[in-house]
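Text of input_18.txt (compact mmCIF, C-alpha atoms) as supplied:
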```txt
# COMPACT_ATOMS: atom_id res chain seq x y z
CA MET A 1 -19.11 -0.93 1.49
CA LEU A 2 -15.86 -0.53 -0.39
CA GLY A 3 -17.83 0.43 -3.52
CA ASP A 4 -19.43 3.34 -1.64
CA ILE A 5 -15.99 4.72 -0.82
CA PHE A 6 -14.01 3.88 -3.98
CA ALA A 7 -14.75 3.67 -7.66
CA ILE A 8 -13.23 0.31 -8.65
CA SER A 9 -12.21 0.32 -12.26
CA THR A 10 -10.27 -1.60 -14.86
CA PRO A 11 -7.09 0.15 -16.04
CA LYS A 12 -7.31 2.12 -19.26
CA GLN A 13 -4.92 -0.34 -20.92
CA LYS A 14 -3.23 -3.53 -19.70
CA PHE A 15 0.36 -4.03 -20.75
CA ASN A 16 1.85 -7.52 -20.92
CA ALA A 17 5.09 -7.71 -18.93
CA SER A 18 6.69 -9.96 -21.55
CA SER A 19 6.19 -7.41 -24.31
CA VAL A 20 7.06 -4.11 -22.61
CA ILE A 21 10.50 -2.53 -22.56
CA PHE A 22 11.65 -1.71 -19.06
CA GLY A 23 13.82 1.31 -18.32
CA GLY A 24 11.18 3.92 -19.06
CA LYS A 25 9.63 6.82 -17.18
CA TYR A 26 6.43 5.57 -15.49
CA PRO A 27 5.89 2.81 -12.92
CA TYR A 28 4.59 -0.49 -14.26
CA ILE A 29 2.44 -2.03 -11.53
CA ALA A 30 2.03 -5.79 -11.43
CA ARG A 31 0.58 -8.25 -8.92
CA GLY A 32 3.84 -8.90 -7.05
CA SER A 33 3.98 -8.33 -3.33
CA GLY A 34 7.20 -6.31 -3.18
CA ASN A 35 8.42 -2.86 -4.12
CA ASN A 36 4.95 -1.28 -3.90
CA GLY A 37 3.86 -3.46 -6.82
CA VAL A 38 6.37 -1.75 -9.14
CA ARG A 39 7.85 -4.32 -11.51
CA GLY A 40 9.82 -1.69 -13.42
CA TYR A 41 9.38 1.52 -15.36
CA ILE A 42 8.04 1.80 -18.89
CA THR A 43 7.20 4.52 -21.38
CA GLU A 44 3.96 4.06 -23.30
CA ASP A 45 1.23 6.37 -24.60
CA THR A 46 0.36 8.63 -21.65
CA LYS A 47 -3.35 8.51 -22.48
CA TYR A 48 -3.28 5.03 -20.89
CA LEU A 49 -1.80 6.19 -17.59
CA ASN A 50 -3.87 5.48 -14.51
CA GLU A 51 -4.24 8.36 -12.09
CA GLY A 52 -1.93 8.76 -9.14
CA ASN A 53 -3.25 9.01 -5.58
CA THR A 54 -5.12 5.75 -6.10
CA ILE A 55 -4.78 2.21 -4.80
CA SER A 56 -3.79 -0.63 -7.11
CA PHE A 57 -5.35 -4.01 -6.36
CA GLY A 58 -4.07 -7.33 -7.70
CA GLN A 59 -7.22 -9.36 -8.23
CA ASP A 60 -5.81 -12.84 -7.86
CA THR A 61 -3.14 -12.06 -5.27
CA SER A 62 -5.05 -9.45 -3.23
CA THR A 63 -1.98 -7.20 -3.24
CA MET A 64 -2.84 -3.57 -2.55
CA PHE A 65 -0.57 -0.58 -2.85
CA TYR A 66 -0.90 3.18 -2.71
CA GLN A 67 0.25 4.67 -6.00
CA PRO A 68 1.24 8.33 -5.53
CA SER A 69 1.96 9.04 -9.19
CA PRO A 70 0.43 8.03 -12.55
CA TYR A 71 1.21 4.44 -13.57
CA PHE A 72 0.67 1.67 -16.10
CA THR A 73 -0.51 -1.82 -15.12
CA GLY A 74 -0.34 -5.42 -16.12
CA ASP A 75 -3.18 -7.94 -16.16
CA LYS A 76 -5.70 -8.48 -13.35
CA ILE A 77 -5.13 -5.12 -11.67
CA LYS A 78 -7.99 -2.90 -10.55
CA VAL A 79 -7.71 0.78 -9.67
CA LEU A 80 -9.44 2.12 -6.54
CA THR A 81 -10.17 5.83 -6.80
CA PRO A 82 -11.76 7.61 -3.80
CA LYS A 83 -15.20 9.05 -4.47
CA LYS A 84 -15.55 11.66 -1.70
CA PHE A 85 -12.07 12.64 -0.52
CA ASN A 86 -8.47 13.07 -1.59
CA LEU A 87 -6.16 10.16 -0.96
CA ASN A 88 -2.66 10.42 0.43
CA ARG A 89 -0.17 7.82 1.67
CA TYR A 90 -1.50 7.78 5.23
CA ILE A 91 -5.18 7.47 4.36
CA ALA A 92 -4.38 4.84 1.73
CA LEU A 93 -2.41 2.78 4.25
CA TYR A 94 -5.36 2.87 6.64
CA TYR A 95 -7.72 1.65 3.92
CA ILE A 96 -5.30 -1.00 2.73
CA VAL A 97 -4.93 -2.46 6.23
CA ALA A 98 -8.69 -2.32 6.87
CA THR A 99 -9.46 -3.94 3.50
CA LYS A 100 -6.77 -6.64 3.79
CA LYS A 101 -8.20 -7.57 7.19
CA ILE A 102 -11.43 -8.54 5.42
CA LEU A 103 -9.76 -10.04 2.33
CA LYS A 104 -7.67 -12.51 4.36
CA THR A 105 -10.88 -14.48 4.95
CA PHE A 106 -11.17 -15.08 1.18
CA SER A 107 -9.26 -17.81 -0.64
CA TRP A 108 -6.34 -16.97 -2.95
CA GLY A 109 -7.22 -16.93 -6.64
CA SER A 110 -10.90 -17.08 -5.88
CA THR A 111 -13.57 -15.34 -7.89
CA SER A 112 -14.22 -13.41 -4.70
CA PHE A 113 -12.09 -10.62 -6.09
CA LYS A 114 -14.41 -9.75 -8.96
CA VAL A 115 -15.34 -6.05 -9.01
CA GLU A 116 -18.92 -6.80 -7.95
CA ASN A 117 -17.67 -8.68 -4.90
CA LEU A 118 -15.04 -6.07 -4.04
CA GLU A 119 -17.64 -3.32 -4.16
CA ASN A 120 -19.71 -5.15 -1.54
CA ILE A 121 -16.92 -5.78 0.98
CA GLU A 122 -17.73 -4.13 4.29
CA VAL A 123 -14.65 -2.23 5.41
CA GLU A 124 -14.64 -0.79 8.92
CA VAL A 125 -13.44 2.81 8.93
CA PRO A 126 -14.23 5.78 11.16
CA ILE A 127 -17.00 8.06 9.91
CA CYS A 128 -17.19 11.79 10.63
CA ASP A 129 -20.60 12.42 9.02
CA LEU A 130 -23.16 9.68 9.65
CA ASN A 131 -25.69 11.20 7.25
CA ASP A 132 -23.28 11.22 4.31
CA PHE A 133 -21.08 8.33 5.55
CA MET A 134 -18.07 10.57 5.02
CA PRO A 135 -14.91 8.78 6.18
CA ASP A 136 -12.97 10.54 8.94
CA THR A 137 -9.78 10.90 6.96
CA ASN A 138 -8.21 13.20 9.57
CA PHE A 139 -8.50 10.46 12.19
CA MET A 140 -7.14 7.82 9.78
CA GLU A 141 -4.18 10.01 8.90
CA THR A 142 -3.45 10.72 12.58
CA VAL A 143 -3.56 7.02 13.49
CA ILE A 144 -1.16 5.99 10.72
CA LYS A 145 1.24 8.84 11.51
CA ALA A 146 1.23 7.85 15.19
CA LEU A 147 1.89 4.21 14.32
CA GLU A 148 4.69 5.25 12.01
CA LYS A 149 6.32 7.27 14.82
CA LEU A 150 6.04 4.32 17.21
CA VAL A 151 7.66 1.98 14.72
CA ILE A 152 10.48 4.45 14.12
CA LYS A 153 10.97 4.92 17.87
CA ASP A 154 11.10 1.14 18.40
CA ALA A 155 13.60 0.76 15.55
CA VAL A 156 15.83 3.48 17.01
CA ASN A 157 15.65 1.90 20.48
CA TRP A 158 16.51 -1.53 19.05
CA GLN A 159 19.43 -0.06 17.09
CA ASN A 160 20.73 1.76 20.18
CA LYS A 161 20.61 -1.49 22.21
CA LYS A 162 22.46 -3.26 19.42
CA ILE A 163 25.15 -0.55 19.38
CA GLU A 164 25.53 -0.75 23.18
CA ALA A 165 25.87 -4.54 23.00
CA ILE A 166 28.57 -4.23 20.34
CA LYS A 167 30.42 -1.62 22.43
CA GLU A 168 30.28 -3.97 25.42
CA VAL A 169 31.72 -6.85 23.37
CA ILE A 170 34.53 -4.61 22.08
CA LYS A 171 35.26 -3.35 25.59
CA ASN A 172 35.46 -6.92 26.96
CA LYS A 173 37.77 -7.98 24.10
CA GLN A 174 40.05 -4.99 24.72
CA GLU A 175 40.23 -5.79 28.44
CA LYS A 176 41.21 -9.40 27.69
CA ILE A 177 43.91 -8.26 25.26
CA LEU A 178 45.37 -5.78 27.77
CA ARG A 179 45.67 -8.42 30.49
```
Show this structure as structure tokens.
Amino acid sequence: MLGDIFAISTPKQKFNASSVIFGGKYPYIARGSGNNGVRGYITEDTKYLNEGNTISFGQDTSTMFYQPSPYFTGDKIKVLTPKKFNLNRYIALYYIVATKKILKTFSWGSTSFKVENLENIEVEVPICDLNDFMPDTNFMETVIKALEKLVIKDAVNWQNKKIEAIKEVIKNKQEKILR
């Protein structure tokens, strides 16, 4: 269950986007789907900062993002803090994908995203200790790093093919001009 893995909490303070002044020091996380949820940067009382190395969850949009540094939030955001391990970008991405796989069966804007319901979502992740149900974070990190390398390799291959195609077009144009 997601609630066995993460403490799911309400942010220390919610800041209304229409009343904050952007251009500050700390990320302001909202429910948007782009830019890692960052709507801008604000400076408020640091006692209301949410911890970094957590996952932000937009309750009515089911947006989830790894937040590496402390941040402020808007309305309807929950903070997922790991209970038994340290979170990093790779492990967070694994959890986000695994959780979103389950969440896509829920309807948008539904009450299904209440904390009580989130805590009871069954997320499939590898376990290294069956007695303690300790997630195998080394495996998760390795999988995400491997996928990242494959995506980069594919992007480089695609870019190289594109460059070769452009060179071929230029070569053909030059040959026609020289004739």
Do a neighbour search on Ile29 in chain A at 8 Å with all atoms listed in the file, toss out local chain neighbours closer than 3 positions, and write the hits as a compact mmCIF listing (two decimals) with C-alpha atoms, in the frame of the given file.
```txt
# COMPACT_ATOMS: atom_id res chain seq x y z
CA GLY A 37 3.86 -3.46 -6.82
CA VAL A 38 6.37 -1.75 -9.14
CA ARG A 39 7.85 -4.32 -11.51
CA GLY A 40 9.82 -1.69 -13.42
CA SER A 56 -3.79 -0.63 -7.11
CA TYR A 71 1.21 4.44 -13.57
CA PHE A 72 0.67 1.67 -16.10
CA THR A 73 -0.51 -1.82 -15.12
CA GLY A 74 -0.34 -5.42 -16.12
```
Report the distance between CA of Arg89 in chain A and CA of Glu51 in chain A in Å, rounded to one decimal place.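 Taking CA of Arg89 in chain A and CA of Glu51 in chain A, their separation equals 14.4 Å.
Closest approach to Glu119 in chain A from the set A:Ile152, A:Thr99, A:Gly52, A:Asn131 is made by A:Thr99, with distances taken over all atoms listed in the file.
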Report as a tab-separated table (two decimals) with C-alpha atoms, in the frame of the given file all protein, DNA and RNA residues lying within 7 Å of Thr54 in chain A, evaluated on all atoms listed in the file, omitting residues in the same chain fewer than 5 positions from it.
```tsv
chain	number	residue	atom	x	y	z
A	66	TYR	CA	-0.90	3.18	-2.71
A	67	GLN	CA	0.25	4.67	-6.00
A	68	PRO	CA	1.24	8.33	-5.53
A	79	VAL	CA	-7.71	0.78	-9.67
A	80	LEU	CA	-9.44	2.12	-6.54
A	81	THR	CA	-10.17	5.83	-6.80
A	87	LEU	CA	-6.16	10.16	-0.96
```
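Put simply, CA of Phe139 in chain A is 16.1 Å away from CA of Ile5 in chain A.
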Which value, in Å to one decimal, gives the distance between CA of Ile144 in chain A and CA of Leu93 in chain A?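 These atoms are spaced 7.3 Å apart.
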Rank A:Met1, A:Lys176, A:Tyr26, A:Ser18 by their smallest atom-to-atom distance to Tyr41 in chain A, using only C-alpha atoms, and report the top residue only. A:Tyr26
With distances taken over only C-alpha atoms, which of A:Arg31, A:Lys171, A:Lys145, A:Lys162 is nearest to Ala17 in chain A?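 Of the candidates, the smallest distance to Ala17 in chain A is held by A:Arg31.
For the choices A:Ile170, A:Ile91, A:Asn160, A:Leu103, the atom-to-atom distance to Leu118 in chain A is smallest for A:Leu103 when using all atoms listed in the file.
Using all atoms listed in the file for every distance, the candidate list A:Val151, A:Ala98, A:Ile8, A:Ile42 yields A:Ile8 as the residue closest to Ile55 in chain A.
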When you count only C-alpha atoms, which of these residues is closest to Lys114 in chain A: A:Gln59, A:Asn16, A:Asn36, A:Ser9? A:Gln59
